[in-house]
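protein_4.cif, holding mmCIF, C-alpha atoms:
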```
data_coords
loop_
_atom_site.group_PDB
_atom_site.id
_atom_site.type_symbol
_atom_site.label_atom_id
_atom_site.label_comp_id
_atom_site.auth_asym_id
_atom_site.auth_seq_id
_atom_site.Cartn_x
_atom_site.Cartn_y
_atom_site.Cartn_z
ATOM 1 C CA MET A 419 91.739 117.042 229.245
ATOM 2 C CA ASN A 420 92.889 117.347 225.714
ATOM 3 C CA ASP A 421 94.765 114.311 224.450
ATOM 4 C CA SER A 422 95.847 115.934 221.169
ATOM 5 C CA LEU A 423 99.520 116.874 220.972
ATOM 6 C CA SER A 424 101.086 120.222 220.190
ATOM 7 C CA PRO A 425 103.980 120.485 217.703
ATOM 8 C CA PHE A 426 106.404 120.656 220.599
ATOM 9 C CA GLU A 427 104.980 117.443 222.088
ATOM 10 C CA ARG A 428 105.090 115.715 218.726
ATOM 11 C CA GLU A 429 108.702 116.769 218.385
ATOM 12 C CA LEU A 430 109.451 115.273 221.778
ATOM 13 C CA ARG A 431 107.711 112.062 220.818
ATOM 14 C CA GLY A 432 109.938 111.942 217.759
ATOM 15 C CA HIS A 433 112.848 111.042 220.009
ATOM 16 C CA VAL A 434 112.800 107.270 219.918
ATOM 17 C CA PRO A 435 113.461 105.352 223.131
ATOM 18 C CA ARG A 436 116.220 102.750 223.099
ATOM 19 C CA GLU A 437 115.281 99.209 222.204
ATOM 20 C CA PRO A 438 115.427 96.523 224.878
ATOM 21 C CA SER A 439 118.417 94.258 224.570
ATOM 22 C CA PRO A 440 118.085 90.746 223.101
ATOM 23 C CA HIS A 441 119.148 89.466 226.516
ATOM 24 C CA LEU A 442 115.987 90.876 228.087
ATOM 25 C CA GLN A 443 113.817 89.155 225.513
ATOM 26 C CA GLU A 444 115.643 85.890 226.155
ATOM 27 C CA GLN A 445 115.076 86.245 229.871
ATOM 28 C CA LEU A 446 111.382 86.853 229.302
ATOM 29 C CA ALA A 447 111.167 83.840 227.025
ATOM 30 C CA VAL A 448 112.725 81.664 229.706
ATOM 31 C CA ALA A 449 110.256 82.931 232.278
ATOM 32 C CA LEU A 450 107.103 83.098 230.199
ATOM 33 C CA ASP A 451 107.332 80.375 227.586
ATOM 34 C CA ALA A 452 107.746 77.666 230.183
ATOM 35 C CA ALA A 453 105.202 79.098 232.560
ATOM 36 C CA PRO A 454 101.479 78.335 232.487
ATOM 37 C CA GLY A 455 99.032 81.008 231.367
ATOM 38 C CA PRO A 456 97.594 83.662 233.599
ATOM 39 C CA ARG A 457 96.994 82.403 237.086
ATOM 40 C CA ARG A 458 93.414 81.545 237.725
ATOM 41 C CA ARG A 459 92.079 84.272 239.920
ATOM 42 C CA TRP A 460 89.665 82.053 241.786
ATOM 43 C CA ILE A 461 92.333 79.745 243.190
ATOM 44 C CA GLY A 462 93.557 82.154 245.847
ATOM 45 C CA PRO A 463 90.119 83.119 247.189
ATOM 46 C CA ALA A 464 88.980 79.485 247.021
ATOM 47 C CA LEU A 465 91.932 78.303 249.089
ATOM 48 C CA ALA A 466 91.379 81.124 251.573
ATOM 49 C CA ALA A 467 87.681 80.231 251.859
ATOM 50 C CA ALA A 468 88.490 76.564 252.411
ATOM 51 C CA ALA A 469 90.994 77.440 255.128
ATOM 52 C CA ALA A 470 88.446 79.721 256.783
ATOM 53 C CA LEU A 471 85.856 76.932 256.724
ATOM 54 C CA VAL A 472 88.255 74.498 258.353
ATOM 55 C CA ILE A 473 89.046 77.014 261.096
ATOM 56 C CA LEU A 474 85.373 77.801 261.595
ATOM 57 C CA ALA A 475 84.469 74.136 261.799
ATOM 58 C CA THR A 476 87.216 73.553 264.332
ATOM 59 C CA VAL A 477 85.959 76.392 266.493
ATOM 60 C CA MET A 478 82.261 75.584 266.158
ATOM 61 C CA TRP A 479 82.580 71.832 266.580
ATOM 62 C CA PRO A 480 85.372 71.086 268.969
ATOM 63 C CA PRO A 481 86.311 67.451 269.342
ATOM 64 C CA PRO A 482 83.909 65.659 271.687
ATOM 65 C CA THR A 483 85.000 65.727 275.269
ATOM 66 C CA PRO A 484 85.431 62.232 276.630
ATOM 67 C CA VAL A 485 82.362 61.122 278.561
ATOM 68 C CA PRO A 486 83.417 59.984 282.009
ATOM 69 C CA ARG A 487 82.817 56.313 282.429
ATOM 70 C CA PRO A 488 80.456 55.392 285.186
ATOM 71 C CA PRO A 489 82.296 53.969 288.120
ATOM 72 C CA VAL A 490 82.435 50.237 288.204
ATOM 73 C CA VAL A 491 79.632 49.122 290.429
ATOM 74 C CA VAL A 492 79.590 45.675 291.689
ATOM 75 C CA HIS A 493 76.036 44.665 292.107
ATOM 76 C CA PRO A 494 74.984 43.935 295.594
ATOM 77 C CA LEU A 495 75.075 40.347 296.561
ATOM 78 C CA GLN A 496 72.081 38.462 295.216
ATOM 79 C CA VAL A 497 72.813 35.547 297.433
ATOM 80 C CA PRO A 498 72.556 35.293 301.183
ATOM 81 C CA PRO A 499 75.337 37.168 302.918
ATOM 82 C CA PRO A 500 78.266 35.108 304.092
ATOM 83 C CA ASN A 501 77.283 34.111 307.529
ATOM 84 C CA ALA A 502 76.966 30.901 309.454
ATOM 85 C CA LEU A 503 73.228 30.647 309.031
ATOM 86 C CA ALA A 504 73.466 30.865 305.274
ATOM 87 C CA TYR A 505 76.121 28.194 305.102
ATOM 88 C CA ARG A 506 74.143 25.933 307.435
ATOM 89 C CA ARG A 507 71.069 26.306 305.291
ATOM 90 C CA ALA A 508 73.005 25.582 302.139
ATOM 91 C CA LEU A 509 74.616 22.536 303.683
ATOM 92 C CA ALA A 510 71.228 21.342 304.860
ATOM 93 C CA GLU A 511 70.066 21.551 301.302
ATOM 94 C CA SER A 512 73.040 19.745 299.773
ATOM 95 C CA GLU A 513 76.807 19.800 299.559
ATOM 96 C CA GLN A 514 76.529 21.179 296.002
ATOM 97 C CA ALA A 515 74.385 24.040 297.279
ATOM 98 C CA LEU A 516 77.066 24.908 299.815
ATOM 99 C CA ASP A 517 79.731 24.787 297.076
ATOM 100 C CA ARG A 518 77.659 27.038 294.862
ATOM 101 C CA LEU A 519 77.197 29.527 297.717
ATOM 102 C CA LEU A 520 80.893 29.525 298.529
ATOM 103 C CA ASP A 521 81.731 29.995 294.850
ATOM 104 C CA GLU A 522 79.318 32.852 294.600
ATOM 105 C CA HIS A 523 80.737 34.538 297.678
ATOM 106 C CA ALA A 524 84.248 34.065 296.360
ATOM 107 C CA ARG A 525 83.270 35.573 293.023
ATOM 108 C CA VAL A 526 81.763 38.628 294.599
ATOM 109 C CA LEU A 527 84.122 39.088 297.513
ATOM 110 C CA LEU A 528 87.496 38.436 295.884
ATOM 111 C CA ARG A 529 89.164 41.208 293.881
ATOM 112 C CA GLY A 530 91.236 40.663 290.773
ATOM 113 C CA ASP A 531 94.444 40.443 292.790
ATOM 114 C CA GLY A 532 93.001 37.652 294.937
ATOM 115 C CA ARG A 533 92.470 39.837 298.015
ATOM 116 C CA MET A 534 89.122 40.246 299.682
ATOM 117 C CA ARG A 535 86.885 43.231 299.244
ATOM 118 C CA PRO A 536 85.808 45.037 302.396
ATOM 119 C CA LEU A 537 82.834 43.329 303.856
ATOM 120 C CA ASP A 538 80.854 46.547 304.226
ATOM 121 C CA PHE A 539 80.586 46.458 300.475
ATOM 122 C CA LEU A 540 77.982 43.799 300.796
ATOM 123 C CA LYS A 541 74.444 44.886 301.038
ATOM 124 C CA PRO A 542 72.729 43.119 303.856
ATOM 125 C CA SER A 543 69.715 41.177 302.864
ATOM 126 C CA ALA A 544 66.337 42.421 303.920
ATOM 127 C CA ASP A 545 65.364 38.908 304.872
ATOM 128 C CA PRO A 546 65.469 38.802 308.663
ATOM 129 C CA GLU A 547 66.193 35.120 308.567
ATOM 130 C CA LEU A 548 69.382 35.790 306.612
ATOM 131 C CA GLN A 549 70.676 38.278 309.194
ATOM 132 C CA GLY A 550 73.092 35.918 310.779
ATOM 133 C CA ASP A 551 76.506 36.531 312.222
ATOM 134 C CA GLN A 552 78.705 38.247 309.690
ATOM 135 C CA LEU A 553 81.949 36.509 308.873
ATOM 136 C CA MET B 582 104.852 85.076 217.403
ATOM 137 C CA ASP B 583 103.656 84.419 220.888
ATOM 138 C CA GLN B 584 101.266 86.903 222.359
ATOM 139 C CA TRP B 585 103.655 88.144 225.017
ATOM 140 C CA GLN B 586 106.242 88.801 222.366
ATOM 141 C CA ALA B 587 103.797 90.978 220.455
ATOM 142 C CA TRP B 588 103.152 92.976 223.606
ATOM 143 C CA PHE B 589 106.803 93.292 224.356
ATOM 144 C CA HIS B 590 107.717 94.200 220.803
ATOM 145 C CA GLN B 591 105.130 96.965 220.785
ATOM 146 C CA HIS B 592 105.731 98.424 224.245
ATOM 147 C CA GLY B 593 109.270 97.372 225.150
ATOM 148 C CA PRO B 594 111.105 100.617 224.261
ATOM 149 C CA ALA B 595 108.560 102.816 226.021
ATOM 150 C CA LEU B 596 108.611 100.521 229.043
ATOM 151 C CA ILE B 597 112.379 100.822 229.244
ATOM 152 C CA LEU B 598 112.151 104.586 228.970
ATOM 153 C CA PHE B 599 109.493 104.680 231.680
ATOM 154 C CA ALA B 600 111.622 102.511 233.962
ATOM 155 C CA ARG B 601 114.605 104.758 233.277
ATOM 156 C CA GLN B 602 112.748 107.587 235.004
ATOM 157 C CA HIS B 603 113.134 105.576 238.203
ATOM 158 C CA VAL B 604 116.573 104.042 237.799
ATOM 159 C CA ARG B 605 119.897 105.331 236.599
ATOM 160 C CA SER B 606 121.046 102.864 234.004
ATOM 161 C CA HIS B 607 119.702 101.015 231.014
ATOM 162 C CA ALA B 608 120.640 97.688 232.620
ATOM 163 C CA GLU B 609 118.678 98.498 235.781
ATOM 164 C CA ALA B 610 115.739 99.593 233.669
ATOM 165 C CA GLU B 611 115.817 96.251 231.850
ATOM 166 C CA ASP B 612 115.793 94.395 235.148
ATOM 167 C CA VAL B 613 112.788 96.416 236.257
ATOM 168 C CA VAL B 614 110.966 95.849 232.994
ATOM 169 C CA GLN B 615 111.728 92.148 233.086
ATOM 170 C CA ASP B 616 110.203 91.666 236.524
ATOM 171 C CA GLY B 617 107.329 94.029 235.824
ATOM 172 C CA PHE B 618 106.483 92.406 232.518
ATOM 173 C CA ILE B 619 106.484 88.920 233.997
ATOM 174 C CA ARG B 620 104.252 90.103 236.797
ATOM 175 C CA PHE B 621 101.929 91.743 234.281
ATOM 176 C CA TRP B 622 101.758 88.698 232.041
ATOM 177 C CA ARG B 623 100.872 86.337 234.861
ATOM 178 C CA ARG B 624 98.208 88.579 236.371
ATOM 179 C CA ARG B 625 96.711 90.233 233.345
ATOM 180 C CA SER B 626 93.618 88.058 233.228
ATOM 181 C CA GLY B 627 90.474 90.058 233.951
ATOM 182 C CA VAL B 628 92.289 93.394 234.076
ATOM 183 C CA GLN B 629 90.185 96.225 232.705
ATOM 184 C CA ASP B 630 92.995 98.151 230.977
ATOM 185 C CA PRO B 631 95.951 95.856 230.331
ATOM 186 C CA LEU B 632 98.219 98.632 229.049
ATOM 187 C CA ALA B 633 97.779 100.746 232.174
ATOM 188 C CA PHE B 634 98.211 97.607 234.274
ATOM 189 C CA LEU B 635 101.442 96.772 232.454
ATOM 190 C CA TYR B 636 102.938 100.134 233.339
ATOM 191 C CA ARG B 637 101.642 99.871 236.863
ATOM 192 C CA CYS B 638 103.425 96.548 237.291
ATOM 193 C CA VAL B 639 106.682 98.003 235.995
ATOM 194 C CA ARG B 640 106.290 101.003 238.282
ATOM 195 C CA THR B 641 105.675 98.801 241.311
ATOM 196 C CA VAL B 642 108.882 96.889 240.650
ATOM 197 C CA ALA B 643 110.789 100.134 240.142
ATOM 198 C CA ILE B 644 109.495 101.566 243.401
ATOM 199 C CA ASP B 645 110.381 98.358 245.255
ATOM 200 C CA LEU B 646 113.880 98.582 243.821
ATOM 201 C CA GLU B 647 114.157 102.198 244.858
ATOM 202 C CA ARG B 648 113.172 101.285 248.388
ATOM 203 C CA THR B 649 115.751 98.553 248.662
ATOM 204 C CA GLU B 650 118.478 100.717 247.192
ATOM 205 C CA GLY B 651 117.259 103.979 248.664
ATOM 206 C CA ARG B 652 120.366 104.772 250.629
ATOM 207 C CA ARG B 653 122.710 104.331 247.712
ATOM 208 C CA ARG B 654 120.531 106.464 245.494
ATOM 209 C CA THR B 655 120.299 109.200 248.074
ATOM 210 C CA ARG B 656 124.066 109.358 248.243
ATOM 211 C CA GLU B 657 124.264 109.500 244.473
ATOM 212 C CA ARG B 658 121.713 112.288 244.265
ATOM 213 C CA GLU B 659 123.537 114.226 246.922
ATOM 214 C CA ALA B 660 126.717 113.831 244.947
ATOM 215 C CA GLY B 661 124.880 115.369 242.004
ATOM 216 C CA SER B 662 125.679 112.536 239.669
ATOM 217 C CA ARG B 663 123.604 112.214 236.537
ATOM 218 C CA SER B 664 123.013 109.305 234.248
ATOM 219 C CA THR B 665 125.373 109.208 231.326
ATOM 220 C CA GLN B 666 123.608 106.399 229.497
ATOM 221 C CA ALA B 667 121.406 107.424 226.636
ATOM 222 C CA MET B 668 117.653 107.005 226.919
ATOM 223 C CA PHE B 669 117.050 107.440 223.210
ATOM 224 C CA GLN B 670 118.249 105.768 220.069
ATOM 225 C CA SER B 671 120.554 108.388 218.729
ATOM 226 C CA PRO B 672 121.601 108.386 215.130
ATOM 227 C CA LEU B 673 124.537 110.687 214.705
ATOM 228 C CA GLU B 674 122.558 113.591 213.355
ATOM 229 C CA ARG B 675 120.195 113.530 216.338
ATOM 230 C CA ALA B 676 122.577 112.676 219.110
ATOM 231 C CA GLU B 677 122.822 116.229 220.377
ATOM 232 C CA SER B 678 119.094 116.771 220.299
ATOM 233 C CA ASP B 679 118.420 113.465 222.052
ATOM 234 C CA ALA B 680 120.908 114.311 224.749
ATOM 235 C CA ALA B 681 119.277 117.690 225.278
ATOM 236 C CA VAL B 682 115.841 116.117 225.691
ATOM 237 C CA GLN B 683 117.228 113.565 228.098
ATOM 238 C CA GLN B 684 118.938 116.255 230.104
ATOM 239 C CA ALA B 685 115.772 118.333 230.209
ATOM 240 C CA LEU B 686 113.749 115.304 231.303
ATOM 241 C CA GLU B 687 116.170 114.666 234.142
ATOM 242 C CA THR B 688 115.514 118.097 235.567
ATOM 243 C CA LEU B 689 111.862 117.239 236.183
ATOM 244 C CA PRO B 690 110.504 115.821 239.405
ATOM 245 C CA LEU B 691 109.810 112.103 239.227
ATOM 246 C CA GLU B 692 106.027 112.454 239.199
ATOM 247 C CA GLN B 693 106.236 114.709 236.143
ATOM 248 C CA LYS B 694 108.769 112.533 234.347
ATOM 249 C CA GLU B 695 106.476 109.540 234.804
ATOM 250 C CA VAL B 696 103.501 111.326 233.279
ATOM 251 C CA VAL B 697 105.502 112.601 230.325
ATOM 252 C CA ALA B 698 106.964 109.175 229.606
ATOM 253 C CA LEU B 699 103.553 107.533 229.701
ATOM 254 C CA LYS B 700 101.782 110.200 227.699
ATOM 255 C CA LEU B 701 104.342 110.852 225.002
ATOM 256 C CA TRP B 702 106.194 107.579 224.547
ATOM 257 C CA GLY B 703 103.665 105.207 226.077
ATOM 258 C CA GLU B 704 101.030 106.907 223.906
ATOM 259 C CA MET B 705 98.448 106.624 226.633
ATOM 260 C CA THR B 706 95.415 108.747 227.353
ATOM 261 C CA PHE B 707 95.239 110.715 230.575
ATOM 262 C CA ALA B 708 92.739 108.172 231.864
ATOM 263 C CA GLN B 709 95.264 105.398 231.283
ATOM 264 C CA VAL B 710 98.086 107.448 232.744
ATOM 265 C CA ALA B 711 95.963 108.054 235.793
ATOM 266 C CA GLU B 712 95.225 104.361 236.188
ATOM 267 C CA ALA B 713 98.837 103.376 235.740
ATOM 268 C CA LEU B 714 100.028 105.868 238.334
ATOM 269 C CA GLU B 715 97.010 105.457 240.630
ATOM 270 C CA ILE B 716 96.174 109.147 240.558
ATOM 271 C CA SER B 717 93.198 111.073 239.211
ATOM 272 C CA PRO B 718 93.054 111.994 235.510
ATOM 273 C CA ASN B 719 93.007 115.661 236.474
ATOM 274 C CA THR B 720 96.178 115.257 238.468
ATOM 275 C CA ALA B 721 97.773 113.435 235.550
ATOM 276 C CA ALA B 722 96.826 116.220 233.151
ATOM 277 C CA SER B 723 98.001 118.881 235.535
ATOM 278 C CA ARG B 724 101.382 117.237 236.073
ATOM 279 C CA TYR B 725 101.757 116.814 232.352
ATOM 280 C CA ARG B 726 101.096 120.503 231.663
ATOM 281 C CA TYR B 727 103.666 121.558 234.248
ATOM 282 C CA ALA B 728 106.166 119.109 232.800
ATOM 283 C CA ILE B 729 105.711 120.255 229.215
ATOM 284 C CA THR B 730 106.072 123.884 230.241
ATOM 285 C CA ALA B 731 109.254 123.076 232.142
ATOM 286 C CA LEU B 732 110.643 121.023 229.269
ATOM 287 C CA ARG B 733 109.903 123.773 226.778
ATOM 288 C CA ARG B 734 111.668 126.308 228.989
ATOM 289 C CA GLU B 735 114.612 124.004 229.650
ATOM 290 C CA LEU B 736 115.120 123.166 225.989
ATOM 291 C CA ALA B 737 114.788 126.815 224.987
ATOM 292 C CA GLU B 738 117.465 127.763 227.475
ATOM 293 C CA GLU B 739 119.605 124.910 226.250
ATOM 294 C CA SER B 740 119.394 126.143 222.656
ATOM 295 C CA VAL B 741 120.477 129.635 223.768
ATOM 296 C CA ARG B 742 123.547 128.311 225.587
#
```
Output the file's structure in the form of structure tokens.
Amino acid sequence: MNDSLSPFERELRGHVPREPSPHLQEQLAVALDAAPGPRRRWIGPALAAAAALVILATVMWPPPTPVPRPPVVVHPLQVPPPNALAYRRALAESEQALDRLLDEHARVLLRGDGRMRPLDFLKPSADPELQGDQL
Amino acid sequence: MDQWQAWFHQHGPALILFARQHVRSHAEAEDVVQDGFIRFWRRRSGVQDPLAFLYRCVRTVAIDLERTEGRRRTREREAGSRSTQAMFQSPLERAESDAAVQQALETLPLEQKEVVALKLWGEMTFAQVAEALEISPNTAASRYRYAITALRRELAEESVR
């Protein structure tokens, strides 16, 4: 590759291209004088990397799945089951003891809407003396 | 003088001439150069050869324009119409010679016209021409040789007529 020019090429080069119009220079001034300098080359890749990280994080760490709440368990009755024997015993002790027992049974046996829970919900006591007639 | 103005002052005429190889009028060439120059100026940071990059930007805009107006141009080519606007500054005593060179240039295929414009009026090396056109330096040199031979023949025939 020889970059030197022959006489014919030099003659061709002697033909001078037309000048750009003043209008073009004005248009360039409008576009370039108001614009910031060369765009920083790292901005594009940096934004792309940040977006990729967000996507990756979303895929790798999905939002925690809600842990199912344990079903509401009403503890078995810690008092004697509601039977005649239990009430007789409580009454024999005192009227207050009977009230306390009734209150306790009401607390455990009544639902929020005021209706009674099924009686099979109650765990029978292991105490043979408490195995009276169920209400 | 701002830096872009120095660039434009130095390369503007050759850029217009280069763009004219793609488009038919001086006004279209100015539009191409405007967009290409703005693109070049905003992206020039870190470019290895800014001059080759400048011409590449202008060429990209010209090619985009050709694609969007391809149909119209095809019809014009088929109709055999040629540009009547001068590519060169023509003082009276050189007007005929300038017109002959322009006419000879227009007979060349686009890929040869591009190389000639870059090499002769862009004053670029073959390496720069190659980078601007995204071809190998050997291809650039080869196209240039074919183009110069064709131009010499065309202008010789013109002088005989």
Which chain B residues have any atom within 7 Å of an atom of chain A, and for each, what is the nearest pair of atoms with distance in Å to one decimal, counting all atoms listed in the file, rows sorted by chain and number, as JSON lines?
```
{"residue": "B:Gly593", "atom": "CA", "partner": "A:Pro438", "partner_atom": "CA", "distance": 6.2}
{"residue": "B:Pro594", "atom": "CA", "partner": "A:Glu437", "partner_atom": "CA", "distance": 4.9}
{"residue": "B:Ala595", "atom": "CA", "partner": "A:Pro435", "partner_atom": "CA", "distance": 6.2}
{"residue": "B:Ile597", "atom": "CA", "partner": "A:Pro438", "partner_atom": "CA", "distance": 6.8}
{"residue": "B:Leu598", "atom": "CA", "partner": "A:Pro435", "partner_atom": "CA", "distance": 6.0}
{"residue": "B:Glu611", "atom": "CA", "partner": "A:Leu442", "partner_atom": "CA", "distance": 6.6}
{"residue": "B:Gln615", "atom": "CA", "partner": "A:Leu446", "partner_atom": "CA", "distance": 6.5}
{"residue": "B:Ile619", "atom": "CA", "partner": "A:Leu450", "partner_atom": "CA", "distance": 7.0}
{"residue": "B:Trp622", "atom": "CA", "partner": "A:Pro456", "partner_atom": "CA", "distance": 6.7}
{"residue": "B:Arg623", "atom": "CA", "partner": "A:Pro456", "partner_atom": "CA", "distance": 4.4}
{"residue": "B:Arg624", "atom": "CA", "partner": "A:Pro456", "partner_atom": "CA", "distance": 5.7}
{"residue": "B:Arg625", "atom": "CA", "partner": "A:Pro456", "partner_atom": "CA", "distance": 6.6}
{"residue": "B:Ser626", "atom": "CA", "partner": "A:Pro456", "partner_atom": "CA", "distance": 5.9}
{"residue": "B:Met668", "atom": "CA", "partner": "A:Pro435", "partner_atom": "CA", "distance": 5.9}
{"residue": "B:Phe669", "atom": "CA", "partner": "A:Pro435", "partner_atom": "CA", "distance": 4.2}
{"residue": "B:Gln670", "atom": "CA", "partner": "A:Arg436", "partner_atom": "CA", "distance": 4.7}
{"residue": "B:Asp679", "atom": "CA", "partner": "A:His433", "partner_atom": "CA", "distance": 6.4}
{"residue": "B:Leu701", "atom": "CA", "partner": "A:Arg431", "partner_atom": "CA", "distance": 5.5}
{"residue": "B:Trp702", "atom": "CA", "partner": "A:Arg431", "partner_atom": "CA", "distance": 6.0}
{"residue": "B:Thr706", "atom": "CA", "partner": "A:Asp421", "partner_atom": "CA", "distance": 6.3}
{"residue": "B:Ala722", "atom": "CA", "partner": "A:Met419", "partner_atom": "CA", "distance": 6.5}
```
Between CA of Ile461 (chain A) and CA of Asp645 (chain B) - distance in Å to one decimal: 26.0 Å
As lines of an AutoDock Vina configuration file, please: the centre and edge lengths in Å, to one decimal, of an axis-aligned box enclosing every listed atom of region 529-535 of chain A with 3 Å added on each side.
```
center_x = 90.7
center_y = 40.4
center_z = 295.2
size_x = 13.6
size_y = 11.6
size_z = 14.9
```
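From CA of Lys694 (chain B) back to CA of Gln602 (chain B), the distance works out to 6.4 Å.
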Neighbouring residues of Thr730 (chain B) were defined as those with any atom within 12 Å, considering all atoms listed in the file; residues of the same chain fewer than 2 positions away were excluded. Please report them as a list in words. Ser424, Phe426 and Glu427 of chain A; Ala685, Leu686, Leu689, Gln693, Val697, Ser723, Arg724, Tyr725, Arg726, Tyr727, Ala728, Leu732, Arg733, Arg734, Glu735, Leu736 and Ala737 of chain B
At a cut-off of 7 Å from (106.0, 92.8, 226.9) in the coordinates of the file, what residues are picked up using only C-alpha atoms, written as a ChimeraX atom specification? /B:585-586,588-590,592-593,618
CA of Gln683 (chain B) to CA of His603 (chain B), straight-line distance in Å: 13.5 Å
The PyMOL selection byres ((chain A and resi 504-507) around 9) applied to the shown file, residues as number ranges by chain: A: 498-503, 508-512, 515-516, 519-520, 548-550
Those residues with C-alpha atoms, as a compact mmCIF listing (two decimals), in the frame of the given file please?
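out.txt, written as the output of this step:
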```txt
# COMPACT_ATOMS: atom_id res chain seq x y z
CA PRO A 498 72.56 35.29 301.18
CA PRO A 499 75.34 37.17 302.92
CA PRO A 500 78.27 35.11 304.09
CA ASN A 501 77.28 34.11 307.53
CA ALA A 502 76.97 30.90 309.45
CA LEU A 503 73.23 30.65 309.03
CA ALA A 508 73.00 25.58 302.14
CA LEU A 509 74.62 22.54 303.68
CA ALA A 510 71.23 21.34 304.86
CA GLU A 511 70.07 21.55 301.30
CA SER A 512 73.04 19.74 299.77
CA ALA A 515 74.39 24.04 297.28
CA LEU A 516 77.07 24.91 299.82
CA LEU A 519 77.20 29.53 297.72
CA LEU A 520 80.89 29.52 298.53
CA LEU A 548 69.38 35.79 306.61
CA GLN A 549 70.68 38.28 309.19
CA GLY A 550 73.09 35.92 310.78
```
How would region 509-521 of chain A look written as a compact mmCIF listing (two decimals), in the first residue's frame with N, CA and C atoms?
```
# COMPACT_ATOMS: atom_id res chain seq x y z
N LEU A 509 -69.33 -27.30 94.55
CA LEU A 509 -70.30 -26.70 95.45
C LEU A 509 -70.01 -27.08 96.89
N ALA A 510 -69.54 -28.38 97.04
CA ALA A 510 -69.19 -28.81 98.38
C ALA A 510 -68.04 -28.00 98.93
N GLU A 511 -67.20 -27.58 98.05
CA GLU A 511 -66.05 -26.78 98.49
C GLU A 511 -66.51 -25.39 98.90
N SER A 512 -67.16 -24.68 97.96
CA SER A 512 -67.73 -23.38 98.27
C SER A 512 -68.54 -22.90 97.07
N GLU A 513 -69.36 -21.91 97.30
CA GLU A 513 -70.13 -21.34 96.18
C GLU A 513 -69.17 -20.66 95.17
N GLN A 514 -68.11 -20.03 95.71
CA GLN A 514 -67.16 -19.33 94.83
C GLN A 514 -66.44 -20.34 93.92
N ALA A 515 -66.17 -21.53 94.53
CA ALA A 515 -65.49 -22.55 93.71
C ALA A 515 -66.39 -22.98 92.56
N LEU A 516 -67.68 -23.12 92.84
CA LEU A 516 -68.62 -23.49 91.78
C LEU A 516 -68.66 -22.39 90.70
N ASP A 517 -68.70 -21.11 91.17
CA ASP A 517 -68.71 -20.01 90.19
C ASP A 517 -67.47 -20.05 89.31
N ARG A 518 -66.33 -20.27 89.99
CA ARG A 518 -65.07 -20.29 89.21
C ARG A 518 -65.11 -21.40 88.15
N LEU A 519 -65.64 -22.59 88.57
CA LEU A 519 -65.69 -23.71 87.64
C LEU A 519 -66.63 -23.40 86.46
N LEU A 520 -67.78 -22.82 86.80
CA LEU A 520 -68.72 -22.47 85.73
C LEU A 520 -68.10 -21.44 84.78
N ASP A 521 -67.42 -20.45 85.39
CA ASP A 521 -66.75 -19.44 84.54
C ASP A 521 -65.73 -20.08 83.61
```
